[in-house]
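Trainee: My file is work-v4.txt. It has compact mmCIF, C-alpha atoms:
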# COMPACT_ATOMS: atom_id res chain seq x y z
CA MET A 1 -57.09 5.07 -17.46
CA LEU A 2 -56.20 8.69 -16.69
CA ASP A 3 -52.94 7.61 -15.12
CA TRP A 4 -52.10 5.52 -18.19
CA LEU A 5 -52.83 8.46 -20.55
CA LEU A 6 -50.73 10.85 -18.50
CA ARG A 7 -47.79 8.44 -18.56
CA LEU A 8 -48.21 7.87 -22.30
CA LEU A 9 -48.41 11.55 -23.26
CA PHE A 10 -46.27 13.33 -20.68
CA GLY A 11 -44.43 10.64 -18.72
CA VAL A 12 -46.09 11.75 -15.45
CA THR A 13 -48.84 10.42 -13.19
CA ASP A 14 -51.48 12.05 -11.06
CA GLY A 15 -50.12 10.28 -7.98
CA SER A 16 -53.51 8.73 -7.15
CA GLY A 17 -53.19 5.31 -8.76
CA SER A 18 -51.40 2.38 -7.19
CA SER A 19 -49.96 1.32 -10.54
CA GLY A 20 -47.76 4.45 -10.65
CA SER A 21 -46.13 3.71 -7.33
CA GLY A 22 -45.69 0.09 -8.37
CA SER A 23 -43.99 1.20 -11.59
CA ARG A 24 -41.65 3.50 -9.68
CA SER A 25 -40.73 0.73 -7.24
CA ARG A 26 -40.01 -1.61 -10.15
CA ARG A 27 -37.78 1.03 -11.72
CA ARG A 28 -35.92 1.39 -8.44
CA ARG A 29 -35.39 -2.36 -8.27
CA ARG A 30 -34.02 -2.38 -11.82
CA GLU A 31 -31.38 0.25 -11.09
CA LYS A 32 -27.87 -1.18 -11.47
CA VAL A 33 -25.57 -1.03 -8.48
CA ARG A 34 -22.20 0.35 -9.54
CA LEU A 35 -18.97 -0.01 -7.63
CA THR A 36 -17.36 3.33 -6.84
CA ARG A 37 -13.63 3.97 -6.68
CA TRP A 38 -14.11 5.80 -3.42
CA ARG A 39 -10.42 5.84 -2.50
CA GLY A 40 -9.65 7.83 -5.63
CA TYR A 41 -12.63 10.04 -4.89
CA LEU A 42 -11.34 10.72 -1.37
CA ALA A 43 -7.89 11.52 -2.73
CA ARG A 44 -9.33 14.05 -5.17
CA SER A 45 -11.62 15.49 -2.49
CA ALA A 46 -8.70 15.93 -0.09
CA TYR A 47 -6.73 17.68 -2.83
CA ARG A 48 -9.61 20.04 -3.68
CA LYS A 49 -10.22 20.78 -0.02
CA GLY A 50 -6.59 21.70 0.50
CA ARG A 51 -6.47 23.72 -2.71
CA ASP A 52 -9.53 25.74 -1.70
CA LYS A 53 -8.16 26.49 1.77
CA ALA A 54 -4.68 27.41 0.50
CA ARG A 55 -4.11 31.11 0.05
CA TRP A 56 -1.84 33.42 -1.92
CA VAL A 57 0.17 35.92 0.14
CA LYS A 58 2.64 38.67 -0.75
CA THR A 59 5.30 37.73 1.79
CA ARG A 60 7.06 34.39 1.87
CA PRO A 61 5.24 32.32 4.60
CA TYR A 62 8.05 29.76 4.97
CA ARG A 63 11.15 28.67 3.13
CA PHE A 64 10.64 26.83 -0.16
CA ALA A 65 7.10 28.16 -0.55
CA VAL A 66 5.93 28.11 -4.18
CA ALA A 67 6.11 31.58 -5.79
CA THR A 68 4.60 32.93 -8.98
CA VAL A 69 4.06 36.27 -10.72
CA ASP A 70 0.95 38.09 -9.55
CA THR A 71 -1.25 37.89 -12.65
CA ARG A 72 -3.69 40.33 -11.12
CA LEU A 73 -1.33 43.12 -12.21
CA PHE A 74 -2.23 42.46 -15.83
CA VAL A 75 -5.67 42.75 -17.44
CA ARG A 76 -6.96 42.12 -20.94
CA HIS A 77 -8.27 45.01 -23.00
CA PRO A 78 -11.99 44.37 -23.63
CA GLY A 79 -11.73 45.45 -27.26
CA THR A 80 -8.42 44.07 -28.54
CA GLY A 81 -7.86 41.28 -26.03
CA GLU A 82 -4.26 42.40 -25.51
CA THR A 83 -2.65 42.28 -22.09
CA VAL A 84 -2.54 45.71 -20.50
CA GLY A 85 -0.23 46.45 -17.60
CA ASP A 86 3.27 47.37 -16.61
CA PRO A 87 5.55 44.60 -18.02
CA SER A 88 8.43 45.79 -15.85
CA ARG A 89 6.58 44.84 -12.68
CA ARG A 90 7.25 41.34 -11.48
CA ASP A 91 5.57 41.24 -8.10
CA LEU A 92 5.64 37.76 -6.62
CA ILE A 93 2.96 36.07 -4.57
CA PHE A 94 3.46 32.91 -2.55
CA HIS A 95 1.28 29.83 -2.15
CA ASP A 96 0.70 29.27 1.58
CA ARG A 97 -0.39 25.67 2.19
CA SER A 98 0.57 25.51 5.86
CA GLY A 99 -2.84 26.32 7.32
CA ASP A 100 -5.10 23.71 5.72
CA GLY A 101 -4.40 20.90 8.20
CA ASP A 102 -6.66 19.34 10.81
CA THR A 103 -5.11 19.56 14.29
CA ALA A 104 -8.03 17.72 15.88
CA ARG A 105 -7.45 14.72 13.67
CA LEU A 106 -3.71 14.79 14.34
CA ALA A 107 -4.42 14.78 18.06
CA ARG A 108 -6.82 11.86 17.65
CA PHE A 109 -4.01 9.72 16.24
CA GLY A 110 -1.39 11.13 18.62
CA LEU A 111 0.64 12.57 15.74
CA PRO A 112 3.04 15.51 16.06
CA ALA A 113 1.55 18.75 14.77
CA VAL A 114 3.82 20.22 12.09
CA SER A 115 2.68 22.75 9.50
CA THR A 116 5.83 23.95 7.72
CA PRO A 117 8.94 22.32 6.22
CA ASP A 118 11.07 23.92 8.98
CA GLU A 119 9.04 22.19 11.69
CA LEU A 120 9.20 18.90 9.78
CA ALA A 121 12.99 19.15 9.51
CA ASP A 122 13.25 19.72 13.27
CA LEU A 123 11.06 16.68 13.94
CA LEU A 124 13.13 14.43 11.67
CA GLY A 125 16.43 15.70 13.06
CA VAL A 126 17.94 17.09 9.83
CA GLY A 127 18.51 20.55 8.45
CA LEU A 128 15.95 21.99 6.08
CA GLY A 129 18.46 22.24 3.24
CA ARG A 130 19.36 18.58 3.60
CA LEU A 131 15.69 17.63 3.79
CA ALA A 132 15.05 19.54 0.55
CA TRP A 133 17.98 17.66 -1.00
CA LEU A 134 16.48 14.32 0.06
CA THR A 135 13.14 15.22 -1.56
CA HIS A 136 14.78 16.59 -4.76
CA ARG A 137 13.02 19.87 -4.05
CA THR A 138 15.27 21.87 -6.40
CA ASP A 139 15.70 19.21 -9.12
CA PRO A 140 13.74 19.31 -12.39
CA LYS A 141 10.31 17.70 -11.92
CA PHE A 142 11.35 16.88 -8.33
CA ARG A 143 13.12 13.70 -9.39
CA PRO A 144 16.76 12.57 -9.68
CA VAL A 145 18.37 13.23 -13.04
CA SER A 146 20.55 10.11 -12.77
CA ALA A 147 21.15 7.07 -10.60
CA ALA A 148 24.21 8.76 -9.09
CA GLU A 149 22.03 11.66 -7.90
CA SER A 150 19.35 9.35 -6.49
CA HIS A 151 19.05 8.53 -2.80
CA TYR A 152 18.33 4.87 -3.60
CA THR A 153 20.37 1.96 -4.87
CA TYR A 154 18.73 -0.30 -7.45
CA ARG A 155 19.17 -4.04 -7.92
CA PHE A 156 17.14 -6.82 -9.45
CA VAL A 157 16.46 -10.12 -7.69
CA PRO A 158 14.76 -13.18 -9.17
CA LYS A 159 11.27 -14.11 -7.99
CA LYS A 160 10.41 -17.64 -6.86
CA SER A 161 7.68 -17.76 -9.50
CA GLY A 162 10.05 -16.49 -12.20
CA GLY A 163 10.79 -13.03 -13.47
CA LEU A 164 12.52 -10.20 -11.67
CA ARG A 165 11.80 -7.87 -8.79
CA LEU A 166 13.26 -4.38 -8.46
CA ILE A 167 14.63 -3.62 -4.99
CA GLU A 168 15.02 0.09 -4.25
CA ALA A 169 17.08 0.38 -1.07
CA PRO A 170 17.46 3.85 0.48
CA LYS A 171 20.94 5.12 1.19
CA PRO A 172 21.96 5.59 4.86
CA LEU A 173 20.81 9.18 5.40
CA LEU A 174 17.41 8.69 3.78
CA LYS A 175 16.94 5.37 5.59
CA SER A 176 17.61 7.08 8.93
CA VAL A 177 15.04 9.79 8.14
CA GLN A 178 12.50 7.19 7.03
CA ARG A 179 12.93 5.22 10.25
CA THR A 180 12.24 8.39 12.24
CA LEU A 181 9.18 9.02 10.08
CA LEU A 182 8.02 5.46 10.75
CA ALA A 183 8.42 5.76 14.51
CA GLU A 184 7.03 9.29 14.93
CA MET A 185 4.09 9.11 12.52
CA LEU A 186 3.26 5.94 10.60
CA ASP A 187 3.35 3.47 13.49
CA ARG A 188 0.77 5.57 15.35
CA VAL A 189 -1.92 5.24 12.67
CA PRO A 190 -3.64 1.83 12.96
CA PRO A 191 -4.41 -0.12 9.78
CA HIS A 192 -7.51 -2.25 9.31
CA PRO A 193 -7.86 -5.19 11.77
CA ALA A 194 -7.74 -7.64 8.85
CA ALA A 195 -4.15 -6.57 8.06
CA HIS A 196 -1.57 -8.87 9.70
CA GLY A 197 1.63 -8.05 7.81
CA PHE A 198 4.36 -5.82 9.31
CA ARG A 199 2.45 -5.03 12.49
CA TYR A 200 3.50 -5.36 16.12
CA GLY A 201 1.93 -8.46 17.65
CA ARG A 202 0.87 -9.83 14.25
CA SER A 203 2.53 -12.49 12.12
CA ILE A 204 1.81 -15.17 9.55
CA VAL A 205 0.49 -17.27 12.44
CA THR A 206 -2.15 -14.70 13.47
CA ASN A 207 -2.98 -14.32 9.78
CA ALA A 208 -3.64 -18.06 9.52
CA GLU A 209 -5.52 -18.63 12.81
CA PRO A 210 -8.91 -17.19 11.67
CA HIS A 211 -8.99 -19.80 8.87
CA VAL A 212 -8.41 -22.92 10.99
CA GLY A 213 -10.93 -25.69 10.30
CA ALA A 214 -12.50 -23.96 7.28
CA GLU A 215 -14.14 -26.01 4.57
CA VAL A 216 -12.47 -24.01 1.80
CA VAL A 217 -9.64 -21.47 1.61
CA VAL A 218 -9.29 -19.03 -1.31
CA SER A 219 -5.98 -17.24 -1.83
CA LEU A 220 -5.51 -14.21 -4.11
CA ASP A 221 -2.30 -12.30 -4.76
CA ILE A 222 -1.84 -8.66 -5.77
CA ALA A 223 0.62 -8.18 -8.62
CA ASN A 224 3.37 -5.55 -8.19
CA PHE A 225 2.03 -4.58 -4.80
CA TYR A 226 4.35 -1.74 -3.75
CA PRO A 227 4.67 -0.03 -7.16
CA SER A 228 0.87 -0.02 -7.40
CA VAL A 229 0.73 2.50 -4.53
CA ARG A 230 1.37 5.78 -6.33
CA GLN A 231 2.28 9.26 -5.15
CA ARG A 232 -1.29 10.58 -5.15
CA ARG A 233 -2.49 7.83 -2.84
CA VAL A 234 0.40 8.34 -0.42
CA ASN A 235 -0.26 12.08 -0.35
CA ALA A 236 -3.95 11.41 0.37
CA ILE A 237 -2.94 9.26 3.39
CA PHE A 238 -0.96 12.09 4.97
CA ARG A 239 -3.73 14.58 4.19
CA SER A 240 -6.40 12.30 5.63
CA VAL A 241 -4.68 12.05 9.02
CA GLY A 242 -4.62 15.85 9.29
CA TYR A 243 -1.36 17.18 7.86
CA PRO A 244 -1.48 20.37 5.79
CA GLY A 245 -0.79 20.26 2.08
CA GLU A 246 2.80 21.50 2.20
CA VAL A 247 3.90 18.99 4.85
CA ALA A 248 2.03 16.16 3.08
CA ILE A 249 3.96 16.86 -0.14
CA TRP A 250 7.32 16.70 1.64
CA LEU A 251 6.37 13.52 3.50
CA THR A 252 5.19 11.91 0.27
CA ARG A 253 8.47 12.63 -1.51
CA LEU A 254 10.43 11.25 1.44
CA ALA A 255 8.48 7.98 1.34
CA THR A 256 8.27 7.43 -2.45
CA SER A 257 10.79 6.80 -5.18
CA VAL A 258 11.09 7.31 -8.91
CA VAL A 259 13.45 5.28 -11.12
CA PRO A 260 16.08 7.47 -12.85
CA PRO A 261 16.28 7.19 -16.64
CA ASP A 262 19.83 5.80 -16.69
CA VAL A 263 19.18 2.71 -14.56
CA VAL A 264 20.17 -0.30 -16.64
CA LEU A 265 17.19 -2.60 -16.94
CA PRO A 266 17.59 -6.35 -17.44
CA GLU A 267 16.47 -8.49 -20.32
CA GLY A 268 14.52 -11.72 -20.27
CA ARG A 269 11.39 -12.83 -18.47
CA GLY A 270 9.86 -10.14 -16.31
CA ALA A 271 11.94 -7.35 -17.86
CA SER A 272 8.87 -5.75 -19.44
CA VAL A 273 7.27 -5.44 -16.01
CA VAL A 274 10.39 -3.82 -14.58
CA ARG A 275 10.56 -1.41 -17.53
CA GLY A 276 7.09 -0.28 -16.59
CA TYR A 277 8.58 1.31 -13.46
CA TRP A 278 9.89 4.11 -15.67
CA ASN A 279 6.33 5.11 -16.51
CA LEU A 280 5.00 4.83 -12.96
CA GLY A 281 6.30 8.10 -11.65
CA ARG A 282 6.64 8.19 -7.90
CA HIS A 283 5.63 4.99 -6.09
CA LEU A 284 6.35 3.05 -2.92
CA PRO A 285 9.85 1.53 -3.12
CA GLN A 286 10.26 -2.08 -2.11
CA GLY A 287 13.15 -1.89 0.33
CA ALA A 288 12.31 1.28 2.28
CA PRO A 289 11.39 0.88 6.00
CA THR A 290 8.31 3.09 5.55
CA SER A 291 6.79 1.18 2.62
CA PRO A 292 5.05 -1.69 4.53
CA ALA A 293 3.26 0.68 6.93
CA ILE A 294 2.15 3.00 4.12
CA ALA A 295 1.00 0.04 2.02
CA ASN A 296 -1.16 -1.17 4.93
CA LEU A 297 -2.76 2.28 5.22
CA ALA A 298 -3.22 2.51 1.45
CA CYS A 299 -5.14 -0.80 1.57
CA TYR A 300 -7.53 0.37 4.28
CA GLY A 301 -10.35 0.91 1.81
CA LEU A 302 -9.61 -2.43 0.14
CA ASP A 303 -9.69 -4.22 3.51
CA VAL A 304 -12.98 -2.57 4.50
CA ARG A 305 -14.69 -3.61 1.28
CA LEU A 306 -13.30 -7.14 1.12
CA ALA A 307 -14.02 -7.80 4.80
CA GLY A 308 -17.61 -6.66 4.29
CA LEU A 309 -17.96 -8.71 1.11
CA ALA A 310 -16.64 -11.85 2.81
CA ARG A 311 -18.91 -11.28 5.80
CA SER A 312 -21.97 -10.95 3.55
CA PHE A 313 -21.16 -14.40 2.12
CA GLY A 314 -20.54 -15.89 5.57
CA GLY A 315 -16.76 -15.98 5.11
CA THR A 316 -13.61 -14.65 6.80
CA TYR A 317 -10.98 -12.33 5.32
CA THR A 318 -7.37 -11.54 6.26
CA ARG A 319 -4.48 -9.90 4.42
CA TYR A 320 -0.74 -10.34 4.87
CA ALA A 321 0.96 -7.73 2.65
CA ASP A 322 -0.13 -8.69 -0.89
CA ASP A 323 -1.59 -12.12 0.08
CA LEU A 324 -5.39 -12.01 0.42
CA THR A 325 -7.07 -14.99 2.10
CA PHE A 326 -10.77 -15.87 2.33
CA SER A 327 -12.28 -18.91 4.01
CA GLY A 328 -15.65 -20.30 5.02
CA ASP A 329 -17.92 -23.30 5.45
CA HIS A 330 -19.75 -25.38 2.84
CA HIS A 331 -22.21 -22.53 2.18
CA PHE A 332 -19.28 -20.28 1.31
CA LEU A 333 -17.86 -23.03 -0.90
CA ARG A 334 -21.05 -23.21 -2.95
CA SER A 335 -21.04 -19.43 -3.49
CA LEU A 336 -17.47 -19.14 -4.83
CA LYS A 337 -18.63 -18.75 -8.45
CA ALA A 338 -20.27 -15.48 -7.44
CA PHE A 339 -17.84 -14.44 -4.70
CA ILE A 340 -14.49 -14.62 -6.55
CA PRO A 341 -15.52 -12.36 -9.49
CA LEU A 342 -16.94 -9.82 -7.03
CA ALA A 343 -13.74 -9.86 -4.96
CA GLN A 344 -11.61 -9.38 -8.07
CA GLU A 345 -13.82 -6.49 -9.15
CA VAL A 346 -13.40 -4.77 -5.78
CA ILE A 347 -9.62 -5.22 -6.00
CA ARG A 348 -9.60 -3.72 -9.50
CA HIS A 349 -11.70 -0.75 -8.44
CA GLU A 350 -9.26 -0.08 -5.60
CA GLY A 351 -6.45 0.32 -8.11
CA PHE A 352 -4.76 -3.08 -7.80
CA VAL A 353 -4.37 -6.06 -10.14
CA VAL A 354 -4.89 -9.71 -9.20
CA GLN A 355 -2.12 -12.09 -10.25
CA ALA A 356 -4.18 -14.80 -11.92
CA ALA A 357 -1.39 -17.40 -11.84
CA LYS A 358 -1.34 -17.35 -8.02
CA ARG A 359 -5.06 -17.75 -7.42
CA ARG A 360 -5.73 -20.91 -5.39
CA VAL A 361 -8.83 -22.65 -4.08
CA GLN A 362 -8.06 -25.29 -1.40
CA ARG A 363 -10.67 -27.66 0.01
CA GLN A 364 -10.82 -29.94 3.03
CA GLY A 365 -9.51 -33.39 2.17
CA GLY A 366 -6.23 -31.87 1.03
CA ARG A 367 -3.74 -29.62 2.75
CA LEU A 368 -5.07 -26.15 3.61
CA ALA A 369 -2.21 -23.65 3.83
CA VAL A 370 -2.31 -19.90 4.54
CA THR A 371 0.98 -17.97 4.13
CA GLY A 372 2.88 -21.23 4.57
CA VAL A 373 0.98 -22.32 7.72
CA VAL A 374 -1.20 -25.45 7.64
CA VAL A 375 -4.73 -24.75 8.97
CA ASN A 376 -6.66 -27.99 8.50
CA GLU A 377 -7.38 -28.66 12.19
CA LYS A 378 -4.93 -26.35 13.95
CA VAL A 379 -2.01 -24.16 12.97
CA ASN A 380 0.84 -26.48 12.08
CA VAL A 381 4.08 -26.53 10.16
CA CYS A 382 4.15 -27.82 6.61
CA ARG A 383 5.62 -31.33 6.51
CA ALA A 384 7.90 -30.55 3.56
CA ASP A 385 9.35 -27.47 5.31
CA TYR A 386 9.94 -29.46 8.49
CA ASP A 387 11.70 -32.30 6.65
CA ARG A 388 13.86 -29.82 4.74
CA LEU A 389 15.00 -28.03 7.89
CA LYS A 390 15.61 -31.32 9.68
CA ALA A 391 17.87 -32.48 6.83
CA ILE A 392 19.84 -29.21 6.93
CA LEU A 393 20.45 -29.54 10.67
CA HIS A 394 21.47 -33.19 10.30
CA ASN A 395 23.97 -32.33 7.57
CA CYS A 396 25.33 -29.47 9.68
CA VAL A 397 26.05 -31.97 12.47
CA ARG A 398 27.74 -34.46 10.12
CA HIS A 399 29.57 -32.20 7.64
CA GLY A 400 29.75 -28.83 9.37
CA PRO A 401 27.53 -25.74 8.97
CA ALA A 402 29.66 -24.32 6.14
CA SER A 403 28.50 -27.16 3.88
CA GLN A 404 24.85 -26.05 4.24
CA ASN A 405 25.30 -22.29 4.04
CA ARG A 406 24.97 -22.22 0.26
CA GLY A 407 23.44 -18.75 0.25
CA GLY A 408 26.39 -17.15 2.03
CA ILE A 409 24.29 -15.94 4.99
CA ASP A 410 26.41 -13.87 7.39
CA ASP A 411 24.97 -15.12 10.68
CA PHE A 412 23.97 -18.63 9.66
CA ALA A 413 23.53 -19.77 13.28
CA ALA A 414 20.96 -17.04 14.00
CA HIS A 415 19.24 -17.85 10.72
CA LEU A 416 18.82 -21.53 11.61
CA ARG A 417 17.83 -20.68 15.18
CA GLY A 418 15.09 -18.42 13.89
CA ARG A 419 13.73 -21.15 11.62
CA VAL A 420 13.70 -23.60 14.50
CA ALA A 421 11.83 -21.07 16.68
CA HIS A 422 9.25 -20.63 13.93
CA VAL A 423 8.60 -24.38 13.80
CA ALA A 424 8.38 -24.52 17.62
CA ARG A 425 5.71 -21.83 17.60
CA LEU A 426 3.58 -23.87 15.22
CA ASN A 427 4.34 -27.32 16.69
CA ARG A 428 6.06 -27.55 20.06
CA GLN A 429 7.07 -31.21 19.83
CA LYS A 430 8.65 -30.88 16.40
CA GLY A 431 10.36 -27.67 17.48
CA GLU A 432 11.96 -29.42 20.47
CA LYS A 433 13.31 -32.19 18.21
CA LEU A 434 14.88 -29.65 15.89
CA LEU A 435 16.32 -27.69 18.81
CA ARG A 436 18.08 -30.79 20.15
CA GLU A 437 19.60 -31.34 16.70
CA PHE A 438 20.61 -27.67 16.48
CA ARG A 439 22.54 -27.88 19.78
CA LYS A 440 24.67 -30.72 18.41
CA ILE A 441 26.19 -28.50 15.69
CA ASP A 442 29.89 -27.68 16.04
CA TRP A 443 30.12 -24.05 14.81
CA THR A 444 33.96 -24.15 14.80
CA ARG A 445 34.04 -26.50 11.83
Could you spell out this file's structure in structure tokens?
Mentor:
Amino acid sequence: MLDWLLRLLFGVTDGSGSSGSGSRSRRRRREKVRLTRWRGYLARSAYRKGRDKARWVKTRPYRFAVATVDTRLFVRHPGTGETVGDPSRRDLIFHDRSGDGDTARLARFGLPAVSTPDELADLLGVGLGRLAWLTHRTDPKFRPVSAAESHYTYRFVPKKSGGLRLIEAPKPLLKSVQRTLLAEMLDRVPPHPAAHGFRYGRSIVTNAEPHVGAEVVVSLDIANFYPSVRQRRVNAIFRSVGYPGEVAIWLTRLATSVVPPDVVLPEGRGASVVRGYWNLGRHLPQGAPTSPAIANLACYGLDVRLAGLARSFGGTYTRYADDLTFSGDHHFLRSLKAFIPLAQEVIRHEGFVVQAAKRRVQRQGGRLAVTGVVVNEKVNVCRADYDRLKAILHNCVRHGPASQNRGGIDDFAAHLRGRVAHVARLNRQKGEKLLREFRKIDWTR
């Protein structure tokens, strides 16, 4: 009774009754579990950590260091609130962000230790002035004022599902620098084991093998995958591996792109999505050699959460670029009504959007395909793809290869040989049949 009166009047208990502890345990059970956007939290934490460690100095610590007027020279009068000081003095102080890195973490990944733009330019094999030009360091808002001033070329290609895709291809100098960046830094940082796209020793076959013999296969697709990875997330990746703030900013601008305002955008289906690129700011460009590796690292948190979610339901998870695949047995099949909404919620909280039109649920009894590879009983080639390639080779033998090269592919022989090798990897017998047909082609016709 005393415990009940205390809770009624003051909301407290004397701690002696068992009912109080039972009430507290029930309240704990009723607490809602909320998903946390921890990747965004880590990005903000990394920024704050770097900002706190950065210091203001009176001498320029390195070239292109940010300078500002020393506001400590001016004070406000306590009575009038006016600024008191010598207006003729314009002493500058510089923001030194070269000492807030983590050399131990860099060494753990085997990454080169660079702390200033000069050291970064030496590593990438270009002069500092040219590196600043590539990052638009002296341009307004650090972005190109026009397409002619940009270091990318822009073109629109149609998607298989309809609509348009913007391809941002770096020009030769920037592409060379990005390839060096890929080899010296990005390739040394391992992505999550569930990631199979654009990795050495991984392919669409290794992405499909974990799902062989499953009772059900669920496929989800991320819409606008590369543009969804923004500048802040890329900067957080470089900061998280140990690079100081100044170097991380330069690396981020080398690996991201922003669409100039004078790029002519198309009309028709999908044009509204492409126009949204103007409002994105800096993002990963589709067409740069560094974008796949950075996208894999940007999805590390997504892979961790989805792999754990699938495991808790008794399923398996893999990702190939923007294609997410889940599979499992009949228990997993019965839990899909709960699993799919949870997976979509995790994807949304990680800053991505699921393309609803490409969501597929495949069950045994029909064809199970993962990234174009059949996985019903073993990895195998799709029958329609095999028949299509067989017909092309047959027509090349009868009418000449020029009659089948409708896309104007430069090295059509290497293209067909690669397709035959892909089939042979999935099905040796079918691959040998296609190879015999390929060898009959007269390439002089």
Trainee: Determine the nearest neighbour of Phe156 in chain A from the options A:Val361, A:Ala421, A:Ala132, A:Val264, counting all atoms listed in the file.
Mentor: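 The answer is A:Val264, which sits nearest to Phe156 in chain A.
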Trainee: Sorted by chain and rising residue number, which residues of range 236-333 of chain A lie within 12 Å of range 204-211 of chain A, and what are their closest atom pairs and distances in Å to one decimal, counting only C-alpha atoms, as JSON lines?
Mentor:
{"residue": "A:Gly315", "atom": "CA", "partner": "A:His211", "partner_atom": "CA", "distance": 9.4}
{"residue": "A:Thr316", "atom": "CA", "partner": "A:His211", "partner_atom": "CA", "distance": 7.2}
{"residue": "A:Tyr317", "atom": "CA", "partner": "A:Pro210", "partner_atom": "CA", "distance": 8.3}
{"residue": "A:Thr318", "atom": "CA", "partner": "A:Asn207", "partner_atom": "CA", "distance": 6.3}
{"residue": "A:Arg319", "atom": "CA", "partner": "A:Asn207", "partner_atom": "CA", "distance": 7.1}
{"residue": "A:Tyr320", "atom": "CA", "partner": "A:Asn207", "partner_atom": "CA", "distance": 6.7}
{"residue": "A:Ala321", "atom": "CA", "partner": "A:Ile204", "partner_atom": "CA", "distance": 10.2}
{"residue": "A:Asp323", "atom": "CA", "partner": "A:Asn207", "partner_atom": "CA", "distance": 10.0}
{"residue": "A:Leu324", "atom": "CA", "partner": "A:Asn207", "partner_atom": "CA", "distance": 9.9}
{"residue": "A:Thr325", "atom": "CA", "partner": "A:His211", "partner_atom": "CA", "distance": 8.5}
{"residue": "A:Phe326", "atom": "CA", "partner": "A:His211", "partner_atom": "CA", "distance": 7.8}
{"residue": "A:Ser327", "atom": "CA", "partner": "A:His211", "partner_atom": "CA", "distance": 5.9}
{"residue": "A:Gly328", "atom": "CA", "partner": "A:His211", "partner_atom": "CA", "distance": 7.7}
{"residue": "A:Asp329", "atom": "CA", "partner": "A:His211", "partner_atom": "CA", "distance": 10.2}
Trainee: By how many Å are CA of Glu350 in chain A and CA of Phe332 in chain A apart?
Mentor: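 Separating CA of Glu350 in chain A from CA of Phe332 in chain A is a distance of 23.6 Å.
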Trainee: What separation in Å, quoted to one decimal, exists between CA of Ala295 in chain A and CA of Arg282 in chain A?
Mentor: 14.0 Å
Trainee: Just the residues within 9 Å of Pro401 in chain A, please, counting all atoms listed in the file, with nothing from its chain fewer than 5 positions along; format it as a ChimeraX atom specification.
Mentor: /A:392-393,395-396,412-413,441-445
Trainee: With a distance cut-off of 9 Å and all atoms listed in the file, select the neighbouring residues of range 144-149 of chain A, excluding the residue or stretch itself and same-chain residues fewer than 5 positions from it, and output the selection as a PyMOL selection string.
Mentor: chain A and resi 136+139+154+258-263
Trainee: Restricting the output to C-alpha atoms, write the selected residues as a short mmCIF file (atom, residue, chain, number, x, y, z; two decimals), keeping the file's coordinate frame.
Mentor:
data_model
loop_
_atom_site.label_atom_id
_atom_site.label_comp_id
_atom_site.auth_asym_id
_atom_site.auth_seq_id
_atom_site.Cartn_x
_atom_site.Cartn_y
_atom_site.Cartn_z
CA HIS A 136 14.78 16.59 -4.76
CA ASP A 139 15.70 19.21 -9.12
CA TYR A 154 18.73 -0.30 -7.45
CA VAL A 258 11.09 7.31 -8.91
CA VAL A 259 13.45 5.28 -11.12
CA PRO A 260 16.08 7.47 -12.85
CA PRO A 261 16.28 7.19 -16.64
CA ASP A 262 19.83 5.80 -16.69
CA VAL A 263 19.18 2.71 -14.56
#
Trainee: Please, what distance in Å, to one decimal, runs between CA of Asn296 in chain A and CA of Leu284 in chain A?
Mentor: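 Between CA of Asn296 in chain A and CA of Leu284 in chain A the gap works out to 11.7 Å.
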Trainee: Hey, which of A:Glu184, A:His151, A:Gly162, A:Val379 ends up closest to Gly125 in chain A? Count only C-alpha atoms.
Mentor: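 Under the stated criterion, the closest residue is A:Glu184.
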Trainee: Which is closer to Ser150 in chain A than all the others in A:Gly201, A:Leu92, A:Ser257, A:Pro244, using all atoms listed in the file?
Mentor: A:Ser257
Trainee: Please determine the residues with any atom at most 8 Å from (11.0, 24.8, -1.5) (coordinates as given in the file, with all atoms listed in the file counting) and report them as a VMD selection string.
Mentor: chain A and resid 63 to 66 132 137 to 138
Trainee: Given 5 Å on each side, where is the centre and what are the edge lengths in Å to one decimal of the axis-aligned box enclosing the listed atoms of range 357-375 of chain A, as lines of an AutoDock Vina configuration file?
Mentor:
center_x = -4.0
center_y = -25.4
center_z = -1.4
size_x = 23.7
size_y = 26.0
size_z = 30.8
Trainee: What's the 8 Å shell around Val57 in chain A, counting only C-alpha atoms, without same-chain residues fewer than 6 positions away, as a VMD selection string?
Mentor: chain A and resid 93 to 96
Trainee: Looking at all atoms listed in the file, which of A:Val420, A:Val304, A:Gly197, A:Leu166 is the one that sits closest to Val346 in chain A?
Mentor: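 Of A:Val420, A:Val304, A:Gly197, A:Leu166, the one nearest Val346 in chain A, counting all atoms listed in the file, is A:Val304.
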Trainee: Of the residues A:Leu181, A:Val216, A:Leu416, A:Ala121, which is the one nearest to Arg334 in chain A, using all atoms listed in the file?
Mentor: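 Of A:Leu181, A:Val216, A:Leu416, A:Ala121, the one nearest Arg334 in chain A is A:Val216, counting all atoms listed in the file.
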Trainee: I'd like the neighbourhood of Arg253 in chain A as an MDAnalysis selection string, where a residue qualifies if any of its atoms comes within 9 Å (using all atoms listed in the file), though same-chain residues fewer than 2 positions away should be ignored.
Mentor: chainID A and resid 134:137 142 231 235 248:251 255:257 282
Trainee: Determine, counting all atoms listed in the file, which protein, DNA and RNA residues have an atom within 10 Å of an atom of Ala357 in chain A; residues of the same chain fewer than 4 positions away are not included. Present the result as a PDB file with C-alpha atoms, in the frame of the given file.
Mentor:
ATOM      1  CA  SER A 161       7.680 -17.760  -9.500  1.00  0.00           C
ATOM      2  CA  LEU A 220      -5.510 -14.210  -4.110  1.00  0.00           C
ATOM      3  CA  ASP A 221      -2.300 -12.300  -4.760  1.00  0.00           C
ATOM      4  CA  ALA A 223       0.620  -8.180  -8.620  1.00  0.00           C
TER       5      ALA A 223
END
